[in-house]
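Shown next, in structure tokens, is the structure this report addresses.
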4 protein chains.
Amino acid sequence: MAGRTHGMHAEPTTFGLKAALWLDALHRSGDRLERARATVAKGKISGEVGTYAHLDPAIEAHVCKALGLSPEHISSQILQRDRHAEFFAAIAITGGSLEQIATEIRGLARTEIREVEEPFLSGQTGSSAMPHKRNPIICERITGLARVLRGYAQMAMEDQALWGERDISHSSVERIAIPGATGLLHYMLRKMAFVLNGLRVSPDRMRSNLDLTGGLVFSHRILLELINRGLTRDEAYRVVQTASTAAVEGREAFRDALRRSGHLAEADLETLFDYTHYLKHVDAILERVGIPSAAGVRR
Amino acid sequence: MAGRTHGMHAEPTTFGLKAALWLDALHRSGDRLERARATVAKGKISGEVGTYAHLDPAIEAHVCKALGLSPEHISSQILQRDRHAEFFAAIAITGGSLEQIATEIRGLARTEIREVEEPFLSGQTGSSAMPHKRNPIICERITGLARVLRGYAQMAMEDQALWGERDISHSSVERIAIPGATGLLHYMLRKMAFVLNGLRVSPDRMRSNLDLTGGLVFSHRILLELINRGLTRDEAYRVVQTASTAAVEGREAFRDALRRSGHLAEADLETLFDYTHYLKHVDAILERVGIPSAAGVRR
Amino acid sequence: MAGRTHGMHAEPTTFGLKAALWLDALHRSGDRLERARATVAKGKISGEVGTYAHLDPAIEAHVCKALGLSPEHISSQILQRDRHAEFFAAIAITGGSLEQIATEIRGLARTEIREVEEPFLSGQTGSSAMPHKRNPIICERITGLARVLRGYAQMAMEDQALWGERDISHSSVERIAIPGATGLLHYMLRKMAFVLNGLRVSPDRMRSNLDLTGGLVFSHRILLELINRGLTRDEAYRVVQTASTAAVEGREAFRDALRRSGHLAEADLETLFDYTHYLKHVDAILERVGIPSAAGVRR
Amino acid sequence: MAGRTHGMHAEPTTFGLKAALWLDALHRSGDRLERARATVAKGKISGEVGTYAHLDPAIEAHVCKALGLSPEHISSQILQRDRHAEFFAAIAITGGSLEQIATEIRGLARTEIREVEEPFLSGQTGSSAMPHKRNPIICERITGLARVLRGYAQMAMEDQALWGERDISHSSVERIAIPGATGLLHYMLRKMAFVLNGLRVSPDRMRSNLDLTGGLVFSHRILLELINRGLTRDEAYRVVQTASTAAVEGREAFRDALRRSGHLAEADLETLFDYTHYLKHVDAILERVGIPSAAGVRR
């Protein structure tokens with residue numbers, strides 16, 4: 001499929017590579033969330049101001065153990081809120097990675113692109129007014145909820161600078177943000193799993209979109225080849241840009257314009273206009289992310 | 001000194017314990033920053049869309065090594081921005097911990113409290129209009145800059161959901177936020193180090209503030225003692241509350257009111273009204289944070 | 001051109017109507033910014049705590065007049081920061097409207113859609129590696145900077161709750177955020193004016209994209225027509241959905257499938273498949289926004 | 001009472017003036033909220049993409065009138081979200097002004113200051129562990145909820161840049177933020193009204209705190225008087241700073257040190273050490289805010 005930068009076709013890639021990038025980001029978020037969970041999974045029974053004035057630290061240790069928490073080694077009346085800020089930041093960042101996937105699916109689902117489609121249950125009604133529409137509404141919802149998670153992270157970061165051995169201003173925030181952020185992230189993950197499990201992917205559309213520019217996606221390779229053949233970078237750039245402008249403006253096919261430039265013969269072009277050249281390292285990359293190439297993810 | 005919750009005296013604590021809590025939070029922030037630095041210390045030369053179409057991965061490995069970066073094992077045209085969001089979040093959370101220290105110093109420096117004072121260079125001019133004033137302006141500045149760091153974190157979290165194999169919208173954000181956040185954090189840390197190194201701490205004021213309420217800080221201990229002696233919790237609470245209300249309203253000293261309640265003799269009160277009772281675990285806590293008690297931090 | 005909801009073709013609209021919507025939002029932002037400017041264009045010389053202890057209010061009035069400010073009728077050492085929060089919010093909201101325009105241009109510029117293109121100076125080099133690319137980088141930059149403006153607004157809102165008659169924590173924020181937000185908004189407006197003035201709009205691409213679905217954009221009108229002819233809403237919905245599904249899946253053209261349904265004759269379809277039906281109110285809407293139809297904006 | 005800047009005594013003021021400043025900020029917020037309410041009190045029935053393709057604008061006008069909304073003169077499938085961003089910003093800014101009041105009450109309620117106290121219902125139990133404590137927990141709660149309102153504003157500002165004629169990502173945000181922000185603001189206003197109506201204000205504590213520094217609050221006036229008598233600003237500053245340093249360090253009362261400086265006689269000091277000098281304009285200021293001086297708010 002077309003790899004796209006700035007929304008424009010850049011060079012060929014595969015949908016598997018794109019998905020593997022998402023997977024990798026979610027692995028990082030998983031690690032981040034586990035670390036953040038451990039960061040807040042602390043207990044304390046150290047008294048009004050953290051001195052254990054009326055209760056031995058041993059009791060704290062005993063109770064925490066029973067609760068599956070590790071005892072905080074120093075505290076005020078409460079755990080320090082940098083711990084919770086990290087927790088909410090990890091949730092918001094995970095939301096951002098889900099938003100990235102959702103945004104990409106929304107982009108690829110656009111009418112003119114139609115390379116992927118959100119699962120659409122048979123019997124499901126689409127738009128009430130426009131029966132033909134199958135809208136990526138789950139991905140849009142995830143996009144919106146990522147904003148909500150960022151809002152919670154912001155609130156939690158403001159909770160850090162409490163007064164003295166504690167003021168209770170963090171509490172009203174947390175009563176809203178803890179159930180809000182954890183519940184929403186759970187919901188978003190489940191919804192995203194549903195979308196990804198049932199995603200309709202269209203290799204035909206990917207191929208036809210890739211062909212849409214008549215080979216412009218090969219322009220960088222042509223540029224490098226011309227330099228290899230002795231042209232300066234500027235000369236090569238001009239040759240490619242002239243041919244690509246002709247193609248973009250619909251005057252001549254890119255390949256024809258290149259042939260007419262006199263620098264490349266038809267046999268050269270046959271070799272250069274080849275998608276598989278771009279994909280030779282993809283299996284190796286997938287393996288680095290933990291996806292065995294035998295799984296044929298790329299195909 | 002008085003430990004304070006909700007801005008009100010709660011129970012005795014020590015300034016060393018308070019400072020150790022700050023230290024512990026900064027240790028966590030140090031770890032968080034190192035982890036975040038490693039998270040962004042990645043390099044990639046994987047081409048326009050991350051396929052290594054025109055360059056062998058070995059070159060990326062070679063260059064990254066020379067730059068002291070570890071090669072990203074999968075990338076698009078860029079590193080994924082959850083990495084940078086984590087970096088900015090770690091900076092903002094560190095700012096929040098500095099803000100907490102700054103807020104506490106500002107509170108303890110108030111005219112009526114005056115337990116600590118920001119360093120004031122001899123020869124330095126205070127307020128231009130009010131020569132008597134020594135204002136905690138560095139701590140106020142740190143308080144404000146913590147807000148700025150939170151703003152940068154918010155921007156960076158919004159950078160995650162880029163389109164396709166890259167859109168360049170993150171770049172304008174990062175040109176502002178990377179020098180902004182790293183430079184300000186550096187500045188804040190240096191300024192806070194200056195404040196803490198030169199902080200004027202007044203044990204006399206701490207003691208006289210602690211005595212201000214005529215022993216109300218002992219009320220929880222009295223409550224527990226009355227329960228130990230057989231009163232129900234409700235009975236004990238009423239005895240203590242009656243005596244403390246009399247004291248708060250200036251009708252009778254807390255200790256006198258308690259004696260008059262008939263539940264505690266003068267000898268009992270002598271034992272109970274004892275600050276050192278509250279501090280018996282402080283050395284052990286400090287040791288858990290890595291401060292040897294021999295250092296006498298608490299004194 | 002195709003009006004799009006959820007990224008999918010919905011019903012026909014015009015590019016002029018879209019631009020008029022942007023214009024209208026910017027008019028609101030203009031009003032909001034003027035109001036916000038007046039809100040902060042206040043002066044005060046009321047002394048250390050706002051009592052005019054050493055200076056008559058008449059002097060404040062005199063100086064403010066000379067500065068083109070209106071005197072604040074009550075103040076502490078400073079103006080209250082809700083005024084500044086409103087100022088930064090107005091800037092951030094303007095940024096959001098610019099981001100909306102930028103996002104739309106980026107979407108319409110995508111390779112598969114290509115209905116608009118950012119100005120591209122002749123002689124300008126596109127992507128260094130990919131000569132064929134003309135990327136909407138100014139719009140991407142504006143998108144990123146809108147995030148920055150939101151960050152500043154957040155900082156400014158945190159500045160409101162200063163202590164007593166003033167603490168100076170707002171100052172470090174404002175030294176960064178005032179030049180930052182005003183300078184960036186100015187830059188964004190200039191850049192957006194450049195983009196809009198030079199925007200390359202392709203009516204041909206708009207038309208061919210609109211035709212891409214073989215008339216599915218007319219589905220709502222067909223639905224209403226079938227109801228008018230006596231079908232229940234459910235029946236009509238099923239007829240339209242069946243035909244549109246056939247079209248989406250490439251089995252049969254939408255119009256053919258509808259004809260085959262037996263509910264509509266070719267003459268009916270000729271009448272119903274008509275873009276101009278959708279545009280009959282557009283001139284009137286434009287006039288409501290202050291665009292005279294004689295200007296032919298819509299054409 | 002003492003006016004305070006940087007948390008330090010500055011010059012005398014009155015509690016009425018402080019409250020009038022709060023009132024004035026809330027008046028601004030009231031105006032801002034009314035304006036914001038009008039900004040979102042718009043209706044639209046303009047069809048799928050805002051063209052009124054299937055319904056006459058007259059119907060929109062009719063329905064909006066019945067609903068008490070004014071019809072939007074141009075729209076896409078929805079109202080543009082800069083309107084809602086303004087609405088949430090107005091709510092967050094109001095929250096910031098409430099936070100300012102709450103923060104001030106918390107500061108003035110501190111054990112060492114005790115000039116005001118949150119209403120404490122007779123029979124109400126204070127801290128469960130510390131019967132003597134009367135904590136400003138409502139003000140702390142309002143402080144926390146102001147953070148929540150800022151978070152909602154941030155989410156709403158991110159909702160502006162929707163795709164095309166509408167994407168539905170704003171909806172999930174608004175389902176949370178609209179009831180959240182409006183409900184919380186309502187709650188905060190009711191709670192703040194309760195606090196202010198029942199606020200226990202202690203003129204005695206205000207007076208004794210003001211006297212705490214032995215007249216240092218008069219230092220600026222002394223400085224100006226010395227300049228009036230022919231000293232240069234530097235000379236005058238040194239005289240006042242020397243005397244105030246002696247006082248701050250407890251070596252000599254400020255007034256005595258000034259007398260000993262030889263620049264001011266006891267009769268001069270009697271005139272200069274006069275709180276009422278500072279309050280001569282207060283009634284006039286209150287009148288400017290709409291508080292008739294006959295109401296004796298200041299007393």
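Following the order of the structure tokens, first chain is A, next is B, and so on, with residues numbered from 1 inside each chain and ligands from 1 in the order they appear.
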* Determine, counting only C-alpha atoms, which protein, DNA and RNA residues have an atom within 9 Å of an atom of His6 in chain C; residues of the same chain fewer than 6 positions away are not included. Present the result as a list in words. => Arg106, Arg110, Arg134, Asn135, Pro136, Ile137 and Glu140 of chain A; Trp163, Gly164, Glu165, Arg166, Asp167, Ile168 and Ser169 of chain D
Report the closest atom pair, with its distance in Å rounded to one decimal, for each residue of chain B that has an atom no farther than 7 Å from chain D; count only C-alpha atoms, sort by chain and then rising residue number, and write it as a Markdown table.
| residue | atom | partner | partner_atom | distance |
| --- | --- | --- | --- | --- |
| B:His6 | CA | D:Asn135 | CA | 5.8 |
| B:Gly7 | CA | D:Arg110 | CA | 4.9 |
| B:Met8 | CA | D:Thr111 | CA | 5.0 |
| B:His9 | CA | D:Thr111 | CA | 6.1 |
| B:Arg106 | CA | D:Gly7 | CA | 6.9 |
| B:Arg110 | CA | D:Gly7 | CA | 4.9 |
| B:Thr111 | CA | D:Met8 | CA | 5.0 |
| B:Glu112 | CA | D:Glu112 | CA | 5.9 |
| B:Ile113 | CA | D:Glu112 | CA | 6.2 |
| B:Ala129 | CA | D:His220 | CA | 5.7 |
| B:Met130 | CA | D:His220 | CA | 5.0 |
| B:Pro131 | CA | D:Gln241 | CA | 5.1 |
| B:His132 | CA | D:Ser244 | CA | 5.2 |
| B:Asn135 | CA | D:His6 | CA | 5.7 |
| B:Pro136 | CA | D:His6 | CA | 6.6 |
| B:Leu216 | CA | D:His132 | CA | 6.5 |
| B:Ser219 | CA | D:Met130 | CA | 5.9 |
| B:His220 | CA | D:Met130 | CA | 5.0 |
| B:Tyr237 | CA | D:Pro131 | CA | 6.6 |
| B:Val240 | CA | D:Pro131 | CA | 6.4 |
| B:Gln241 | CA | D:Pro131 | CA | 5.1 |
| B:Ser244 | CA | D:His132 | CA | 5.2 |
| B:Thr245 | CA | D:His132 | CA | 6.7 |
If we count only C-alpha atoms, what is near Gly198 in chain C at a cut-off of 12 Å, once residues fewer than 5 positions away on the same chain are taken out, given as an mmCIF file with C-alpha atoms, in the first residue's frame?
data_model
loop_
_atom_site.group_PDB
_atom_site.id
_atom_site.type_symbol
_atom_site.label_atom_id
_atom_site.label_comp_id
_atom_site.auth_asym_id
_atom_site.auth_seq_id
_atom_site.Cartn_x
_atom_site.Cartn_y
_atom_site.Cartn_z
ATOM 1 C CA VAL C 116 -7.160 21.767 -3.073
ATOM 2 C CA GLU C 117 -3.442 22.391 -2.845
ATOM 3 C CA GLU C 118 -1.436 24.768 -0.706
ATOM 4 C CA PRO C 119 0.277 27.513 -2.722
ATOM 5 C CA PHE C 120 3.472 26.170 -4.217
ATOM 6 C CA LEU C 121 5.808 28.873 -5.464
ATOM 7 C CA LYS C 191 0.389 32.138 7.077
ATOM 8 C CA MET C 192 -3.250 31.156 6.772
ATOM 9 C CA ALA C 193 -3.950 34.312 4.759
#
* Name all residues at most 9 Å from Leu272 in chain D (count only C-alpha atoms; drop same-chain ones fewer than 2 positions away) and give them as a PyMOL selection string. => chain D and resi 218+221-222+225+267-270+274-275+277
* To do: Would you work out the distance separating CA of Pro203 in chain D from CA of Ala2 in chain D, expressed in Å to one decimal?
  =>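 If I compute the distance from CA of Pro203 in chain D to CA of Ala2 in chain D, I get 11.1 Å.
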* Would you return as a PyMOL selection string the members of range 40-218 of chain D that DSSP assigns to helix (DSSP H, G or I) on this structure's backbone? => chain D and resi 40+57-67+82-108+137-158+169-198+203-211+216-218
* To do: Considering only C-alpha atoms, return as a ChimeraX atom specification whatever protein or nucleic-acid residues lie within 7 Å of range 31-42 of chain C, sequence-local ones (same chain, fewer than 4 positions apart) excluded.
  => /C:27,69-72,83-84,86-87,90-91
